[in-house]
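One structure is given below, encoded as structure tokens.
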Amino acid sequence: MEVKPGYKQTEVGVIPEDWSVKRLGEMGEALIGLTYSPANVQPDGLLVLRSSNIADERLSFEDNVFVKMEVPDKIIVREGDILICVRNGSRDLIGKCAKIDKRVEGMTFGAFMAVFRTDFHDFVFHQFQSDIVERQIHAHLGATINQITNASLNSFRIPLPPTKAEQEAIAKALSDAGALIESLEQLIAKKRQIKQGAMHELLTGKKRLPGFIQGEQSYRPTKFGMMPIDWKSTPLQQISVFITKGSTPTTYGFAWQPEGVLFLSSECVSEHGLDLSQSMFISGEAHQVLRRSEVRAGDILMTITGNVGRVVHLQEGFGEANINQHIARIRIVHEEVAAPFVLHILSQPVVRRYYNLITTGQAYPQISLTQVRETEVPMPSLAEQAAIATILTDMDAEIAALEKKLAKARQIKQGMMQELLTGRTRLIENGKWRMENDLG
């Protein structure tokens, strides 16, 4: 491959001529963590950072272990240390990392973890998240043991800009991109929490919208909690037509196709909507034979095996498709029923919990079509259904827009890492930092 002027080919790829390639061992020190026994574990004491304390390249404190014992000063963590998972039952977790901040200074880390301590921590931290280091991690993993050693860590090579100023500029640009991603994640989490609260209030009638209540509010008990007395409990089979489940094409002798009619597995019915990355294709002939499992726009799909009770609503414009036997199709036909309202009712955590209570089969939990058909849905008037569904659907649309923005921000950061950490795009000081792509 031709290398453009001003660049050179190295063992880590093409980098600028004035950059160098350094072993991590030349830039800092890798430390293996604390070995402790169950007897050392206490309700409080010294926090031992483990793999569970890393989430999305940040520190997490959802699952903590504390010990009371003597710990060498060397493995007491300091601000700027890079915490790395170096041994785990899951191969995919090897190499995940987070940077130590003031919240955990003075704590320690477990024996399946390592800390890389370096004066170049801001720049090196981002290199640990790059393809350059990821490739070296995979190259050093054992065939049977998911582990990288201190020797491996110290041998990893990274490209390094010639000045501290350029290193810091790169680290700051990537940290700013990471901060935007984190702020979007927090906003999405907040919006989801607000929506859950709105669902609880609106779908139980605890809060009635203006114009839909007359006189004093009265309630009655149902399977899913207290409901307004003027709401009717109606089994799904009375407001739907032909609640059915799909089937597998191979059972009928049909093979999967590289293209054709969309075929949805239960994985396509995700917690956050329809996920077509898990879909497959069947032939037009198979689609005709499997007409009973055909779905179309307006249908509600529900998982009835495995992770039972996930639901999605096929939006307007959705083309023809088929489903497998792990999905139930609910097609609303009653003229006094709004399908989006039914979707929100079935999406409630209380309904998911109810289904989990009535599942059969320990190895592979499932509910029957009869149980789906007998599910009682509280039904206000069509106008109130539509008003409630509009509010909740608008909330979903806002969350979806934020998730799209988040995906774009992650994509941009990934591209920035590819450009900045290899010197393909340089950050040059000229009164202020600006981005200049040397390679066009």
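As shown in the structure tokens, the chain order sets the letters A, B, ...; within each chain, residues go from 1, and ligands are also counted from 1 in the order they appear.
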Skip segment 408-416 of chain A itself and residues of its chain fewer than 5 positions away, then list as a short mmCIF file (atom, residue, chain, number, x, y, z; two decimals) with N, CA and C atoms, in the first residue's frame all residues within 8 Å of it, counting only C-alpha atoms.
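Generated output (selection_4.cif):
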```cif
data_model
loop_
_atom_site.label_atom_id
_atom_site.label_comp_id
_atom_site.auth_asym_id
_atom_site.auth_seq_id
_atom_site.Cartn_x
_atom_site.Cartn_y
_atom_site.Cartn_z
N LEU A 174 -11.60 13.73 22.42
CA LEU A 174 -12.31 12.46 22.60
C LEU A 174 -13.09 12.44 23.91
N ALA A 177 -16.26 14.33 23.32
CA ALA A 177 -17.22 13.48 22.59
C ALA A 177 -17.85 12.47 23.53
N GLY A 178 -17.04 11.91 24.44
CA GLY A 178 -17.56 10.96 25.43
C GLY A 178 -18.54 11.62 26.39
N LEU A 180 -20.52 14.14 25.74
CA LEU A 180 -21.79 14.33 25.02
C LEU A 180 -22.58 13.03 25.03
N ILE A 181 -21.91 11.92 24.77
CA ILE A 181 -22.57 10.61 24.78
C ILE A 181 -23.15 10.33 26.16
N LEU A 421 -6.37 9.07 16.83
CA LEU A 421 -5.41 8.21 17.53
C LEU A 421 -4.36 7.61 16.59
#
```
Which residues of segment 318-372 of chain A come within 9 Å of segment 303-306 of chain A, and for each one, what is the closest pair of atoms and their distance in Å to one decimal, counting only C-alpha atoms, sorted by chain and residue number, as JSON lines?
```
{"residue": "A:Gln325", "atom": "CA", "partner": "A:Ile304", "partner_atom": "CA", "distance": 8.5}
{"residue": "A:His326", "atom": "CA", "partner": "A:Thr305", "partner_atom": "CA", "distance": 5.4}
{"residue": "A:Ile327", "atom": "CA", "partner": "A:Thr303", "partner_atom": "CA", "distance": 4.5}
{"residue": "A:Ala328", "atom": "CA", "partner": "A:Thr303", "partner_atom": "CA", "distance": 6.3}
{"residue": "A:Thr359", "atom": "CA", "partner": "A:Thr305", "partner_atom": "CA", "distance": 8.6}
{"residue": "A:Ala363", "atom": "CA", "partner": "A:Gly306", "partner_atom": "CA", "distance": 8.7}
{"residue": "A:Tyr364", "atom": "CA", "partner": "A:Gly306", "partner_atom": "CA", "distance": 5.5}
{"residue": "A:Pro365", "atom": "CA", "partner": "A:Gly306", "partner_atom": "CA", "distance": 5.2}
{"residue": "A:Gln366", "atom": "CA", "partner": "A:Thr305", "partner_atom": "CA", "distance": 4.1}
{"residue": "A:Ile367", "atom": "CA", "partner": "A:Ile304", "partner_atom": "CA", "distance": 5.4}
{"residue": "A:Ser368", "atom": "CA", "partner": "A:Ile304", "partner_atom": "CA", "distance": 7.1}
{"residue": "A:Leu369", "atom": "CA", "partner": "A:Ile304", "partner_atom": "CA", "distance": 8.0}
{"residue": "A:Val372", "atom": "CA", "partner": "A:Ile304", "partner_atom": "CA", "distance": 8.4}
```
Write a file of the selected residues as an mmCIF file, in the first residue's frame, keeping C-alpha atoms.
```cif
data_model
loop_
_atom_site.group_PDB
_atom_site.id
_atom_site.type_symbol
_atom_site.label_atom_id
_atom_site.label_comp_id
_atom_site.auth_asym_id
_atom_site.auth_seq_id
_atom_site.Cartn_x
_atom_site.Cartn_y
_atom_site.Cartn_z
ATOM 1 C CA GLN A 325 -43.527 -19.850 16.650
ATOM 2 C CA HIS A 326 -42.091 -17.853 19.553
ATOM 3 C CA ILE A 327 -44.179 -14.774 18.671
ATOM 4 C CA ALA A 328 -47.926 -14.200 19.001
ATOM 5 C CA THR A 359 -45.235 -19.221 32.499
ATOM 6 C CA ALA A 363 -35.592 -24.390 30.935
ATOM 7 C CA TYR A 364 -37.578 -22.392 28.389
ATOM 8 C CA PRO A 365 -40.441 -20.381 29.944
ATOM 9 C CA GLN A 366 -43.524 -19.922 27.789
ATOM 10 C CA ILE A 367 -47.129 -18.843 27.834
ATOM 11 C CA SER A 368 -49.872 -20.287 25.660
ATOM 12 C CA LEU A 369 -51.979 -18.551 23.033
ATOM 13 C CA VAL A 372 -52.652 -14.388 25.625
#
```
(request) Can you list, as a PyMOL selection string, all residues belonging to segment 18-181 of chain A that DSSP tags as helix (DSSP H, G or I)? (result) chain A and resi 24-27+38-40+51-53+73-75+91-93+102-104+121-128+131-140+150-155+164-181
(request) Looking only at strand (DSSP E or B) from DSSP on the backbone, list the matching residues of segment 75-221 of chain A as a list of chain:residue names. (result) A:Ile82, A:Leu83, A:Ile84, A:Cys85, A:Arg87, A:Cys97, A:Ala98, A:Lys99, A:Thr108, A:Phe109, A:Gly110, A:Met113, A:Ala114, A:Val115, A:Phe116, A:Arg117, A:Thr118, A:Gln147, A:Arg157, A:Ile158, A:Pro159, A:Leu160, A:Tyr219, A:Arg220, A:Pro221
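Distances here use only C-alpha atoms; by that measure, the residue among A:Asp131, A:Asp44, A:Asp275, A:Glu376 closest to Phe66 of chain A is A:Asp44.
If you measure from each of A:Gly205, A:Pro349, A:Pro5, A:Pro228 to Glu271 of chain A using only C-alpha atoms, the closest one turns out to be A:Pro349.
As for atom CA of Ile399 of chain A and atom CA of Gly319 of chain A, they are spaced 24.2 Å apart.
Distance check against Gly273 of chain A using only C-alpha atoms: of A:Ser347, A:Thr251, A:Gln42, A:Ser51, the minimum falls on A:Ser347.
Proximity to Ile388 of chain A was assessed for A:Met199, A:Val21, A:Val261, A:Val115 counting only C-alpha atoms; the smallest distance is recorded for A:Met199.
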(request) Name the residues in contact with segment 158-170 of chain A at a cut-off of 6 Å, using only C-alpha atoms, excluding same-chain residues fewer than 4 positions from it; report them as number ranges by chain. (result) A: 19-22, 123
How would the residues just chosen look if you wrote them out with C-alpha atoms as an mmCIF file, in the first residue's frame?
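Here's the written file result-v7.cif:
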```
data_model
loop_
_atom_site.group_PDB
_atom_site.id
_atom_site.type_symbol
_atom_site.label_atom_id
_atom_site.label_comp_id
_atom_site.auth_asym_id
_atom_site.auth_seq_id
_atom_site.Cartn_x
_atom_site.Cartn_y
_atom_site.Cartn_z
ATOM 1 C CA TRP A 19 4.972 10.218 15.732
ATOM 2 C CA SER A 20 6.639 7.251 17.429
ATOM 3 C CA VAL A 21 5.484 3.748 18.385
ATOM 4 C CA LYS A 22 5.909 2.974 22.093
ATOM 5 C CA PHE A 123 -4.109 9.743 25.945
#
```
(request) Write out as number ranges by chain which residues come within 10 Å of Val312 of chain A when counting only C-alpha atoms, dropping same-chain ones fewer than 3 positions away. (result) A: 268-275, 298-303, 309, 315, 340, 343-344, 346-347
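What separates atom CA of Ser279 of chain A from atom CA of Gln257 of chain A is a distance of 11.4 Å.
Among A:Gln129, A:Ser152, A:Ser183, A:Gln238, the residue with the shortest atom-to-atom distance to Glu335 of chain A, counting only C-alpha atoms, is A:Gln238.
Between atom CA of Leu406 of chain A and atom CA of Lys195 of chain A there is a distance of 18.5 Å.
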(request) Might you pull out every residue within 10 Å of Glu185 of chain A, with only C-alpha atoms counted and same-chain residues fewer than 6 positions away left off, and present them as a ChimeraX atom specification? (result) /A:179,191,402-403,406
Those same residues - N, CA and C atoms - I'd like them written as an mmCIF file, in the first residue's frame.
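New file out35.cif:
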```
data_model
loop_
_atom_site.group_PDB
_atom_site.id
_atom_site.type_symbol
_atom_site.label_atom_id
_atom_site.label_comp_id
_atom_site.auth_asym_id
_atom_site.auth_seq_id
_atom_site.Cartn_x
_atom_site.Cartn_y
_atom_site.Cartn_z
ATOM 1 N N ALA A 179 -18.262 12.869 26.765
ATOM 2 C CA ALA A 179 -19.154 13.590 27.683
ATOM 3 C C ALA A 179 -20.512 13.841 27.036
ATOM 4 N N LYS A 191 -35.818 10.388 30.561
ATOM 5 C CA LYS A 191 -37.053 10.386 29.774
ATOM 6 C C LYS A 191 -37.795 9.050 29.908
ATOM 7 N N LEU A 402 -33.913 10.814 20.554
ATOM 8 C CA LEU A 402 -32.698 10.929 21.364
ATOM 9 C C LEU A 402 -31.778 9.726 21.161
ATOM 10 N N GLU A 403 -32.385 8.534 21.026
ATOM 11 C CA GLU A 403 -31.570 7.336 20.784
ATOM 12 C C GLU A 403 -30.878 7.412 19.431
ATOM 13 N N LEU A 406 -28.037 9.688 19.917
ATOM 14 C CA LEU A 406 -26.987 8.993 20.664
ATOM 15 C C LEU A 406 -26.189 8.072 19.749
#
```
